[in-house]
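Have a look at structure.cif below; it lists mmCIF, C-alpha atoms.
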```cif
data_work
loop_
_atom_site.label_atom_id
_atom_site.label_comp_id
_atom_site.auth_asym_id
_atom_site.auth_seq_id
_atom_site.Cartn_x
_atom_site.Cartn_y
_atom_site.Cartn_z
CA MET E 1 14.89 13.68 -9.75
CA THR E 2 16.09 10.70 -11.76
CA ASP E 3 18.49 11.47 -14.59
CA THR E 4 18.45 8.90 -17.39
CA SER E 5 20.38 10.96 -19.91
CA ASP E 6 23.66 9.13 -19.27
CA THR E 7 22.41 5.60 -19.85
CA ARG E 8 25.04 3.65 -21.78
CA PRO E 9 24.09 1.83 -24.99
CA ALA E 10 25.97 -1.24 -23.79
CA ASP E 11 23.86 -1.34 -20.64
CA SER E 12 20.69 -1.06 -22.71
CA ALA E 13 21.82 -3.90 -24.97
CA ALA E 14 22.61 -6.08 -21.95
CA GLN E 15 19.23 -5.38 -20.41
CA ALA E 16 17.29 -6.10 -23.62
CA PRO E 17 17.44 -9.95 -23.38
CA ARG E 18 16.58 -9.74 -19.69
CA ARG E 19 13.55 -7.55 -20.40
CA SER E 20 12.51 -9.88 -23.22
CA ARG E 21 12.53 -12.86 -20.85
CA LEU E 22 10.53 -10.90 -18.29
CA HIS E 23 7.94 -9.94 -20.90
CA ARG E 24 7.58 -13.60 -21.92
CA LEU E 25 7.09 -14.53 -18.28
CA MET E 26 4.42 -11.84 -17.91
CA ARG E 27 2.33 -13.56 -20.60
CA TYR E 28 1.81 -16.52 -18.29
CA LEU E 29 1.16 -14.39 -15.20
CA PRO E 30 -2.67 -14.50 -15.48
CA LEU E 31 -2.49 -18.30 -15.35
CA ILE E 32 -0.03 -18.76 -12.50
CA ALA E 33 -0.84 -15.68 -10.40
CA PRO E 34 -4.12 -16.93 -8.83
CA VAL E 35 -2.46 -20.19 -7.81
CA LEU E 36 0.53 -18.42 -6.24
CA LEU E 37 -1.57 -15.74 -4.54
CA TRP E 38 -3.63 -18.30 -2.61
CA ALA E 39 -1.44 -21.42 -2.45
CA VAL E 40 1.56 -19.69 -0.86
CA PRO E 41 -0.40 -18.12 2.07
CA CYS E 42 -2.24 -21.42 2.55
CA VAL E 43 1.03 -23.32 2.92
CA VAL E 44 2.79 -20.69 5.04
CA LEU E 45 -0.11 -20.03 7.41
CA LEU E 46 -1.44 -23.57 7.83
CA HIS E 47 0.98 -26.27 6.72
CA THR E 48 4.50 -25.36 7.85
CA GLY E 49 4.64 -26.86 11.33
CA GLN E 50 1.82 -25.04 13.11
CA HIS E 51 -0.05 -28.30 13.95
CA TRP E 52 -3.39 -26.51 14.11
CA PRO E 53 -6.51 -28.45 15.14
CA LEU E 54 -8.11 -30.28 12.24
CA SER E 55 -11.09 -27.90 12.17
CA VAL E 56 -8.76 -24.91 11.75
CA MET E 57 -6.79 -26.65 9.00
CA VAL E 58 -9.94 -27.59 7.09
CA ALA E 59 -11.58 -24.16 7.45
CA GLY E 60 -8.41 -22.28 6.51
CA THR E 61 -7.70 -24.47 3.50
CA ALA E 62 -11.32 -24.11 2.37
CA LEU E 63 -11.06 -20.32 2.52
CA CYS E 64 -7.90 -20.39 0.38
CA VAL E 65 -9.55 -22.69 -2.16
CA LEU E 66 -12.58 -20.41 -2.20
CA GLY E 67 -10.30 -17.44 -2.92
CA LEU E 68 -8.44 -19.36 -5.62
CA VAL E 69 -11.65 -20.38 -7.40
CA GLY E 70 -13.81 -17.35 -6.63
CA MET E 71 -11.36 -14.62 -7.57
CA PRO E 72 -10.93 -15.44 -11.28
CA LEU E 73 -14.61 -16.32 -11.67
CA ALA E 74 -15.69 -13.01 -10.14
CA MET E 75 -13.13 -11.09 -12.21
CA VAL E 76 -14.42 -12.66 -15.42
CA ARG E 77 -18.05 -11.92 -14.58
CA GLY E 78 -17.23 -8.42 -13.39
CA HIS E 79 -14.80 -7.28 -16.07
CA GLY E 80 -15.79 -9.54 -18.97
CA ARG E 81 -18.76 -9.26 -21.27
CA ARG E 82 -21.32 -9.33 -18.46
CA GLN E 83 -19.85 -6.28 -16.67
CA GLN E 84 -21.50 -7.17 -13.34
CA ASP E 85 -20.38 -4.54 -10.87
CA ARG E 86 -20.99 -6.64 -7.76
CA ALA E 87 -18.90 -9.47 -9.17
CA ALA E 88 -16.17 -6.98 -10.10
CA ILE E 89 -16.09 -5.63 -6.54
CA VAL E 90 -15.78 -9.15 -5.11
CA GLY E 91 -13.09 -10.17 -7.60
CA ASP E 92 -11.09 -6.96 -7.20
CA THR E 93 -11.23 -7.18 -3.40
CA LEU E 94 -10.09 -10.79 -3.45
CA LEU E 95 -7.25 -9.86 -5.80
CA GLY E 96 -5.99 -7.14 -3.46
CA THR E 97 -6.41 -9.34 -0.40
CA GLY E 98 -4.60 -12.23 -2.05
CA TRP E 99 -1.70 -9.98 -3.11
CA VAL E 100 -1.23 -8.60 0.41
CA LEU E 101 -1.44 -12.05 2.01
CA PHE E 102 1.00 -13.46 -0.54
CA THR E 103 3.50 -10.63 -0.07
CA TRP E 104 3.60 -10.80 3.71
CA SER E 105 3.45 -14.60 3.81
CA VAL E 106 6.65 -14.62 1.77
CA LEU E 107 8.38 -11.82 3.70
CA LEU E 108 7.43 -12.79 7.23
CA GLY E 109 7.40 -16.49 6.45
CA VAL E 110 11.10 -16.23 5.65
CA LEU E 111 12.49 -13.24 7.53
CA LEU E 112 10.52 -13.42 10.77
CA ARG E 113 10.93 -17.16 11.09
CA LEU E 114 14.66 -16.82 10.46
CA ALA E 115 14.92 -14.06 13.07
CA LEU E 116 13.02 -16.10 15.66
CA THR E 117 15.17 -19.14 14.96
CA LEU E 118 18.42 -17.20 15.30
CA ALA E 119 17.15 -15.61 18.51
CA GLY E 120 16.21 -19.04 19.88
CA VAL E 121 12.62 -17.99 20.54
CA GLY E 122 10.26 -20.87 21.33
CA GLU E 123 9.91 -24.27 19.75
CA SER E 124 9.38 -24.86 16.02
CA GLN E 125 5.59 -24.97 16.40
CA ASP E 126 5.57 -21.75 18.43
CA ARG E 127 7.64 -19.93 15.81
CA ALA E 128 5.36 -21.17 13.02
CA ARG E 129 2.28 -19.91 14.85
CA VAL E 130 3.91 -16.54 15.59
CA VAL E 131 4.54 -16.18 11.85
CA THR E 132 0.90 -17.02 11.08
CA TRP E 133 -0.52 -14.46 13.49
CA ALA E 134 2.01 -11.86 12.36
CA VAL E 135 1.05 -12.33 8.69
CA LEU E 136 -2.65 -12.15 9.46
CA GLY E 137 -2.22 -9.10 11.71
CA VAL E 138 -0.02 -7.15 9.31
CA SER E 139 -2.26 -8.00 6.36
CA ALA E 140 -5.41 -6.93 8.20
CA VAL E 141 -3.87 -3.60 9.21
CA LEU E 142 -2.52 -2.91 5.71
CA LEU E 143 -5.81 -3.80 4.03
CA ALA E 144 -7.81 -1.54 6.36
CA TRP E 145 -5.33 1.31 5.94
CA GLY E 146 -5.02 0.70 2.20
CA TYR E 147 -8.80 0.84 1.79
CA ALA E 148 -8.95 4.18 3.61
CA GLU E 149 -6.08 5.50 1.48
CA ALA E 150 -7.79 4.44 -1.75
CA ARG E 151 -11.14 6.00 -0.86
CA ARG E 152 -9.93 9.35 0.51
CA VAL E 153 -9.55 12.53 -1.52
CA PRO E 154 -5.88 12.63 -2.59
CA ARG E 155 -3.48 15.05 -0.99
CA VAL E 156 -2.08 17.79 -3.24
CA ARG E 157 1.54 17.35 -4.26
CA ARG E 158 3.19 20.64 -5.23
CA LEU E 159 6.48 21.09 -7.06
CA ASP E 160 8.27 23.67 -9.17
CA VAL E 161 9.52 22.55 -12.59
CA LEU E 162 12.23 24.58 -14.30
CA LEU E 163 11.91 24.63 -18.10
CA PRO E 164 14.95 26.31 -19.71
CA ARG E 165 13.01 27.37 -22.82
CA LEU E 166 10.04 28.81 -20.93
CA GLY E 167 9.60 32.53 -21.50
CA ALA E 168 9.62 34.94 -18.58
CA GLY E 169 5.98 35.84 -19.18
CA LEU E 170 4.96 32.25 -18.40
CA ASP E 171 6.97 31.98 -15.19
CA GLY E 172 4.67 30.80 -12.41
CA THR E 173 2.15 29.11 -14.71
CA ARG E 174 0.14 26.71 -12.57
CA VAL E 175 -0.65 23.28 -14.03
CA ALA E 176 -2.96 20.95 -12.10
CA LEU E 177 -2.78 17.26 -13.00
CA ILE E 178 -5.31 14.55 -12.27
CA THR E 179 -5.19 11.15 -13.87
CA ASP E 180 -6.36 7.55 -13.55
CA THR E 181 -9.59 8.42 -11.78
CA HIS E 182 -10.89 4.97 -12.75
CA TYR E 183 -14.54 5.53 -11.97
CA GLY E 184 -15.84 2.00 -11.68
CA PRO E 185 -17.97 -0.59 -9.92
CA LEU E 186 -17.74 1.21 -6.58
CA ASP E 187 -19.84 4.35 -6.95
CA ARG E 188 -17.56 7.33 -6.31
CA ALA E 189 -19.69 10.23 -7.49
CA ARG E 190 -19.29 12.04 -4.15
CA TRP E 191 -15.56 11.36 -4.16
CA SER E 192 -15.36 12.72 -7.70
CA ALA E 193 -17.10 15.94 -6.65
CA ARG E 194 -14.72 16.40 -3.72
CA VAL E 195 -11.69 15.85 -5.98
CA CYS E 196 -12.97 18.54 -8.32
CA GLU E 197 -13.52 20.91 -5.39
CA THR E 198 -9.92 20.35 -4.32
CA VAL E 199 -8.64 21.02 -7.84
CA ASN E 200 -10.60 24.29 -7.89
CA THR E 201 -8.81 25.52 -4.77
CA LEU E 202 -5.50 25.38 -6.69
CA GLU E 203 -6.51 28.23 -9.01
CA ALA E 204 -4.67 26.56 -11.90
CA ASP E 205 -4.09 28.14 -15.28
CA LEU E 206 -4.21 24.73 -16.95
CA VAL E 207 -5.91 21.57 -15.66
CA CYS E 208 -4.92 18.26 -17.24
CA HIS E 209 -6.43 14.78 -17.12
CA THR E 210 -4.05 12.23 -18.62
CA GLY E 211 -6.49 9.39 -19.13
CA ASP E 212 -8.01 6.26 -17.63
CA ILE E 213 -11.11 8.17 -16.60
CA ALA E 214 -13.11 5.05 -15.85
CA ASP E 215 -13.58 1.31 -16.14
CA GLY E 216 -16.73 1.01 -18.21
CA THR E 217 -18.44 3.01 -20.89
CA ALA E 218 -19.24 6.71 -20.68
CA GLU E 219 -22.92 5.84 -20.49
CA LEU E 220 -22.36 3.46 -17.56
CA ARG E 221 -20.05 5.75 -15.54
CA ARG E 222 -21.50 9.10 -16.55
CA ALA E 223 -22.81 10.01 -13.06
CA GLN E 224 -19.34 9.61 -11.56
CA ALA E 225 -17.66 11.61 -14.34
CA VAL E 226 -20.13 14.52 -14.51
CA PRO E 227 -18.45 16.44 -11.61
CA LEU E 228 -15.43 16.93 -13.92
CA GLY E 229 -17.56 19.56 -15.64
CA SER E 230 -17.25 21.73 -12.52
CA VAL E 231 -13.45 21.95 -12.71
CA ARG E 232 -12.20 25.50 -13.23
CA ALA E 233 -9.05 26.73 -15.01
CA THR E 234 -8.11 30.25 -15.99
CA ARG E 235 -6.91 29.14 -19.45
CA ALA E 236 -7.86 25.59 -20.42
CA ARG E 237 -8.89 22.10 -19.32
CA VAL E 238 -7.28 19.42 -21.46
CA TYR E 239 -7.61 15.64 -21.66
CA VAL E 240 -5.99 12.69 -23.41
CA THR E 241 -7.13 9.09 -23.59
CA GLY E 242 -5.66 6.29 -21.50
CA ASN E 243 -5.53 2.59 -22.25
CA HIS E 244 -8.71 1.87 -20.28
CA GLU E 245 -10.75 4.12 -22.58
CA TYR E 246 -9.89 1.68 -25.35
CA TYR E 247 -11.43 -1.16 -23.34
CA SER E 248 -14.69 0.80 -23.03
CA GLU E 249 -15.71 2.63 -26.22
CA ALA E 250 -13.08 5.36 -26.23
CA GLN E 251 -14.94 7.70 -28.54
CA GLY E 252 -17.79 7.87 -26.02
CA TRP E 253 -15.36 9.19 -23.41
CA VAL E 254 -13.87 11.71 -25.82
CA ASP E 255 -17.37 12.96 -26.60
CA LEU E 256 -18.38 13.17 -22.93
CA MET E 257 -15.27 15.11 -21.94
CA ASP E 258 -15.92 17.50 -24.81
CA GLU E 259 -19.50 17.87 -23.58
CA LEU E 260 -18.20 18.65 -20.06
CA GLY E 261 -16.07 21.46 -21.41
CA TRP E 262 -12.68 19.75 -21.59
CA GLU E 263 -10.45 19.98 -24.69
CA PRO E 264 -9.66 16.45 -25.92
CA LEU E 265 -6.13 16.76 -27.28
CA ARG E 266 -6.24 13.91 -29.75
CA ASN E 267 -2.93 14.29 -31.54
CA ARG E 268 -3.21 18.07 -31.64
CA HIS E 269 -2.15 21.09 -29.62
CA LEU E 270 -3.30 24.46 -28.37
CA LEU E 271 -1.33 27.54 -27.38
CA LEU E 272 -1.20 29.01 -23.90
CA GLU E 273 -0.12 32.64 -24.04
CA ARG E 274 0.76 34.96 -21.19
CA GLY E 275 2.98 37.98 -20.76
CA GLY E 276 3.98 37.96 -24.41
CA ASP E 277 5.27 34.36 -24.28
CA THR E 278 3.73 31.13 -25.57
CA LEU E 279 3.63 27.51 -24.42
CA VAL E 280 2.56 24.70 -26.75
CA VAL E 281 0.22 22.30 -24.93
CA ALA E 282 0.02 19.09 -26.95
CA GLY E 283 -1.60 15.72 -26.41
CA VAL E 284 -1.56 12.27 -27.98
CA ASP E 285 -3.89 9.28 -27.84
CA ASP E 286 -2.68 6.42 -25.68
CA VAL E 287 -0.28 4.01 -27.39
CA THR E 288 -2.89 1.24 -27.16
CA ALA E 289 -5.05 3.24 -29.58
CA GLU E 290 -2.79 2.07 -32.39
CA SER E 291 -4.10 -1.50 -32.04
CA SER E 292 -7.66 -0.63 -31.00
CA GLY E 293 -9.09 -0.69 -34.50
CA LEU E 294 -10.87 2.62 -33.95
CA ALA E 295 -10.69 4.81 -37.01
CA GLY E 296 -8.63 7.93 -36.48
CA HIS E 297 -7.23 6.83 -33.11
CA GLY E 298 -3.50 6.40 -32.59
CA ALA E 299 -0.56 8.04 -30.84
CA HIS E 300 0.88 10.48 -33.40
CA LEU E 301 3.30 12.98 -31.92
CA ALA E 302 4.10 14.52 -35.30
CA GLY E 303 0.42 15.25 -35.80
CA ALA E 304 0.14 16.74 -32.32
CA LEU E 305 2.97 19.17 -33.09
CA ASN E 306 1.96 19.92 -36.65
CA GLY E 307 2.06 23.67 -37.21
CA ALA E 308 3.69 24.47 -33.87
CA ASP E 309 6.74 26.75 -33.82
CA PRO E 310 9.71 24.44 -33.03
CA ASP E 311 11.35 27.21 -31.01
CA LEU E 312 8.50 27.26 -28.48
CA PRO E 313 8.53 25.10 -25.32
CA VAL E 314 6.19 22.12 -25.38
CA LEU E 315 4.13 20.55 -22.61
CA LEU E 316 2.95 17.11 -23.75
CA LEU E 317 0.17 14.97 -22.30
CA ALA E 318 0.69 11.23 -22.87
CA HIS E 319 -0.93 8.62 -20.67
CA GLN E 320 1.94 6.14 -20.38
CA PRO E 321 5.44 7.14 -19.21
CA LYS E 322 7.06 4.92 -21.82
CA PHE E 323 5.98 7.38 -24.50
CA VAL E 324 8.84 9.54 -23.22
CA ASP E 325 11.24 7.85 -25.64
CA ARG E 326 9.37 9.45 -28.54
CA ALA E 327 9.01 12.70 -26.62
CA ALA E 328 12.73 12.93 -25.92
CA ALA E 329 13.56 12.20 -29.56
CA ALA E 330 11.30 15.11 -30.55
CA GLY E 331 12.81 17.48 -27.99
CA ILE E 332 9.68 17.85 -25.84
CA ASP E 333 10.30 19.99 -22.76
CA LEU E 334 7.90 18.34 -20.29
CA GLN E 335 5.71 15.24 -20.55
CA LEU E 336 2.90 14.59 -18.07
CA SER E 337 1.79 10.99 -17.56
CA GLY E 338 -0.02 8.62 -15.21
CA HIS E 339 -0.82 4.94 -15.75
CA THR E 340 1.51 3.43 -13.13
CA HIS E 341 -0.46 4.28 -9.95
CA GLY E 342 2.94 4.29 -8.27
CA GLY E 343 2.50 0.52 -8.05
CA GLN E 344 -0.75 0.97 -6.01
CA ILE E 345 -0.10 -1.99 -3.68
CA TRP E 346 3.51 -2.48 -2.57
CA PRO E 347 5.65 -4.13 -3.88
CA PHE E 348 3.82 -4.25 -7.24
CA HIS E 349 5.93 -1.32 -8.43
CA HIS E 350 8.71 -3.81 -9.21
CA LEU E 351 6.47 -5.40 -11.84
CA VAL E 352 5.46 -1.98 -13.18
CA ARG E 353 9.14 -1.23 -13.84
CA ILE E 354 9.25 -4.11 -16.31
CA ASP E 355 6.92 -2.19 -18.61
CA GLN E 356 7.55 1.47 -17.75
CA PRO E 357 10.76 3.51 -17.40
CA VAL E 358 9.50 5.40 -14.34
CA VAL E 359 6.98 4.56 -11.62
CA ALA E 360 6.44 8.01 -10.09
CA GLY E 361 7.89 11.49 -9.79
CA LEU E 362 10.02 13.82 -11.89
CA SER E 363 12.74 12.37 -14.11
CA ARG E 364 15.00 13.54 -16.92
CA HIS E 365 15.29 11.80 -20.27
CA GLY E 366 17.79 12.85 -22.89
CA ALA E 367 19.26 16.33 -23.09
CA ARG E 368 16.06 18.33 -22.66
CA THR E 369 13.00 16.29 -21.76
CA LEU E 370 11.50 16.12 -18.28
CA LEU E 371 8.82 13.57 -17.40
CA TYR E 372 6.43 13.84 -14.50
CA THR E 373 4.65 10.58 -13.67
CA SER E 374 1.70 10.86 -11.30
CA ARG E 375 0.79 8.08 -8.88
CA GLY E 376 -2.80 8.61 -10.00
CA THR E 377 -5.84 10.20 -8.43
CA GLY E 378 -8.03 7.10 -8.07
CA PHE E 379 -7.36 3.38 -8.05
CA TRP E 380 -7.78 0.51 -10.45
CA GLY E 381 -9.40 -2.77 -9.42
CA PRO E 382 -8.54 -3.63 -5.82
CA PRO E 383 -9.83 -0.81 -3.58
CA PHE E 384 -6.52 -0.54 -1.75
CA ARG E 385 -3.45 1.67 -1.87
CA VAL E 386 -0.51 0.42 0.17
CA PHE E 387 2.65 2.57 0.33
CA ALA E 388 1.60 4.23 -2.95
CA PRO E 389 -0.60 7.21 -2.03
CA SER E 390 -2.83 8.82 -4.62
CA GLU E 391 -2.26 12.43 -5.61
CA ILE E 392 -3.54 15.59 -7.19
CA THR E 393 -0.50 17.37 -8.57
CA LEU E 394 0.19 21.08 -8.89
CA LEU E 395 3.20 21.83 -11.07
CA VAL E 396 4.39 25.43 -11.12
CA LEU E 397 6.36 26.06 -14.30
CA ARG E 398 9.46 28.17 -13.83
CA SER E 399 11.49 30.13 -16.33
CA PRO E 400 15.25 30.60 -15.94
CA HIS E 401 14.58 34.31 -16.57
CA PRO E 402 11.65 35.29 -14.35
CA PRO E 403 10.13 38.71 -14.99
CA THR E 404 11.71 41.55 -13.07
CA PRO E 405 9.43 43.29 -10.55
CA SER E 406 8.07 46.58 -11.86
#
```
Have the structure of the file written as structure tokens, please.
Amino acid sequence: MTDTSDTRPADSAAQAPRRSRLHRLMRYLPLIAPVLLWAVPCVVLLHTGQHWPLSVMVAGTALCVLGLVGMPLAMVRGHGRRQQDRAAIVGDTLLGTGWVLFTWSVLLGVLLRLALTLAGVGESQDRARVVTWAVLGVSAVLLAWGYAEARRVPRVRRLDVLLPRLGAGLDGTRVALITDTHYGPLDRARWSARVCETVNTLEADLVCHTGDIADGTAELRRAQAVPLGSVRATRARVYVTGNHEYYSEAQGWVDLMDELGWEPLRNRHLLLERGGDTLVVAGVDDVTAESSGLAGHGAHLAGALNGADPDLPVLLLAHQPKFVDRAAAAGIDLQLSGHTHGGQIWPFHHLVRIDQPVVAGLSRHGARTLLYTSRGTGFWGPPFRVFAPSEITLLVLRSPHPPTPS
């Protein structure tokens, strides 16, 4: 568990200019990323001393140019106003493929070539060709494995979470967490049903969905989301919006989840009572709601806690981990979040850290607040997960004073 409670103000001040520069750089990422993703592999695989036959050079360069041009065009047609699912699948797949090729072209293009040179293996052309085949082989294996990882039903991750203010009557409360299902262009209705079946085997008291249900409107993705209505919980099923809802008519998703029997916790709370003790279960809209322009939507923690006894422990649902700053200031006991996907395709988690305080797992913030960040149940965009497995999470809440056996 990561403990962030001892972070020094001086360190934060020193990191602020660095983060500001990184955020400015991120603004230009959509413009430079396609060029880097396809130009770097093209150079490393074809034009660094391999001396391939002309036909190979021409064909390989043409494929890279096709990826460079086709990827943004397909992404725009698939995720823009036209919302063409086939184009989105092509663009997303090219994005994931380009990222993997770029990553391993850089790593193996430098490290493997250096190792071969130091070991005195072969001539310069031989080493260059070994690097090319190694990059292509590693990328092919990772893409095949990553596709299988993205499409499978997530494994269940179980962990106990000790909450000092939790009453003895609530010891052992089972909380199932799914998040970032991202129903989208690839039809995953069967996958959705199997996820819900897995959740039902956990016999949870509380089932939570912390947002990013889908990419697209509720009307468009309804068939994939309907299995969520089959999820069972002994006490409640609760849901909060993610940022992707605000790209796709968020109120439609709130209404559909309500129709399916889930409690949309839009800046409000409910009480979970057991054994004479009470847990406040609160939820807030995603932070992007504040700029969405939708009337009544916004992340308002004070509103979510309005009327709650301040002496009771609080479980908060908030889509993005970075909301934990507000949660810690309010003395929240446990925040559940998603959003990061654990990076989804290694080493993208390093870029995620620019925007979020935590990528995955349980962490401490301030004197009281714990944050659990899920790696997500589905995937966004590229249908690959590389070294960032999806998950269904079962958190068992523990009291420091468990009930004594009768």
Neighbouring residues of Leu279 in chain E were defined as those with any atom within 7 Å, considering all atoms listed in the file; residues of the same chain fewer than 2 positions away were excluded. Please report them as a ChimeraX atom specification.
/E:271-273,281,312-314
Would you save the residues of that selection, restricted to C-alpha atoms, as an mmCIF file, keeping the file's coordinate frame?
```cif
data_model
loop_
_atom_site.group_PDB
_atom_site.id
_atom_site.type_symbol
_atom_site.label_atom_id
_atom_site.label_comp_id
_atom_site.auth_asym_id
_atom_site.auth_seq_id
_atom_site.Cartn_x
_atom_site.Cartn_y
_atom_site.Cartn_z
ATOM 1 C CA LEU E 271 -1.330 27.540 -27.380
ATOM 2 C CA LEU E 272 -1.200 29.010 -23.900
ATOM 3 C CA GLU E 273 -0.120 32.640 -24.040
ATOM 4 C CA VAL E 281 0.220 22.300 -24.930
ATOM 5 C CA LEU E 312 8.500 27.260 -28.480
ATOM 6 C CA PRO E 313 8.530 25.100 -25.320
ATOM 7 C CA VAL E 314 6.190 22.120 -25.380
#
```
In Å to one decimal, how far is CA of Leu351 in chain E from CA of Leu315 in chain E?
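A separation of 28.2 Å between them.
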Between E:Arg81, E:Arg157, E:His349, E:Arg129, which is the closest to Leu116 in chain E once you count all atoms listed in the file?
E:Arg129
Any chance you could work out the residue set of the PyMOL selection byres ((chain E and resi 345) around 12) here, as a PDB file with C-alpha atoms, keeping the file's coordinate frame?
```
ATOM      1  CA  LEU E  95      -7.250  -9.860  -5.800  1.00  0.00           C
ATOM      2  CA  GLY E  96      -5.990  -7.140  -3.460  1.00  0.00           C
ATOM      3  CA  THR E  97      -6.410  -9.340  -0.400  1.00  0.00           C
ATOM      4  CA  GLY E  98      -4.600 -12.230  -2.050  1.00  0.00           C
ATOM      5  CA  TRP E  99      -1.700  -9.980  -3.110  1.00  0.00           C
ATOM      6  CA  VAL E 100      -1.230  -8.600   0.410  1.00  0.00           C
ATOM      7  CA  LEU E 101      -1.440 -12.050   2.010  1.00  0.00           C
ATOM      8  CA  PHE E 102       1.000 -13.460  -0.540  1.00  0.00           C
ATOM      9  CA  THR E 103       3.500 -10.630  -0.070  1.00  0.00           C
ATOM     10  CA  SER E 139      -2.260  -8.000   6.360  1.00  0.00           C
ATOM     11  CA  LEU E 142      -2.520  -2.910   5.710  1.00  0.00           C
ATOM     12  CA  LEU E 143      -5.810  -3.800   4.030  1.00  0.00           C
ATOM     13  CA  TRP E 145      -5.330   1.310   5.940  1.00  0.00           C
ATOM     14  CA  GLY E 146      -5.020   0.700   2.200  1.00  0.00           C
ATOM     15  CA  TYR E 147      -8.800   0.840   1.790  1.00  0.00           C
ATOM     16  CA  GLU E 149      -6.080   5.500   1.480  1.00  0.00           C
ATOM     17  CA  ALA E 150      -7.790   4.440  -1.750  1.00  0.00           C
ATOM     18  CA  THR E 340       1.510   3.430 -13.130  1.00  0.00           C
ATOM     19  CA  HIS E 341      -0.460   4.280  -9.950  1.00  0.00           C
ATOM     20  CA  GLY E 342       2.940   4.290  -8.270  1.00  0.00           C
ATOM     21  CA  GLY E 343       2.500   0.520  -8.050  1.00  0.00           C
ATOM     22  CA  GLN E 344      -0.750   0.970  -6.010  1.00  0.00           C
ATOM     23  CA  TRP E 346       3.510  -2.480  -2.570  1.00  0.00           C
ATOM     24  CA  PRO E 347       5.650  -4.130  -3.880  1.00  0.00           C
ATOM     25  CA  PHE E 348       3.820  -4.250  -7.240  1.00  0.00           C
ATOM     26  CA  HIS E 349       5.930  -1.320  -8.430  1.00  0.00           C
ATOM     27  CA  HIS E 350       8.710  -3.810  -9.210  1.00  0.00           C
ATOM     28  CA  LEU E 351       6.470  -5.400 -11.840  1.00  0.00           C
ATOM     29  CA  VAL E 352       5.460  -1.980 -13.180  1.00  0.00           C
ATOM     30  CA  ARG E 375       0.790   8.080  -8.880  1.00  0.00           C
ATOM     31  CA  PHE E 379      -7.360   3.380  -8.050  1.00  0.00           C
ATOM     32  CA  TRP E 380      -7.780   0.510 -10.450  1.00  0.00           C
ATOM     33  CA  GLY E 381      -9.400  -2.770  -9.420  1.00  0.00           C
ATOM     34  CA  PRO E 382      -8.540  -3.630  -5.820  1.00  0.00           C
ATOM     35  CA  PRO E 383      -9.830  -0.810  -3.580  1.00  0.00           C
ATOM     36  CA  PHE E 384      -6.520  -0.540  -1.750  1.00  0.00           C
ATOM     37  CA  ARG E 385      -3.450   1.670  -1.870  1.00  0.00           C
ATOM     38  CA  VAL E 386      -0.510   0.420   0.170  1.00  0.00           C
ATOM     39  CA  PHE E 387       2.650   2.570   0.330  1.00  0.00           C
ATOM     40  CA  ALA E 388       1.600   4.230  -2.950  1.00  0.00           C
ATOM     41  CA  PRO E 389      -0.600   7.210  -2.030  1.00  0.00           C
ATOM     42  CA  SER E 390      -2.830   8.820  -4.620  1.00  0.00           C
TER      43      SER E 390
END
```
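Taking CA of Val131 in chain E as the reference point, CA of Leu108 in chain E is found at 6.4 Å.
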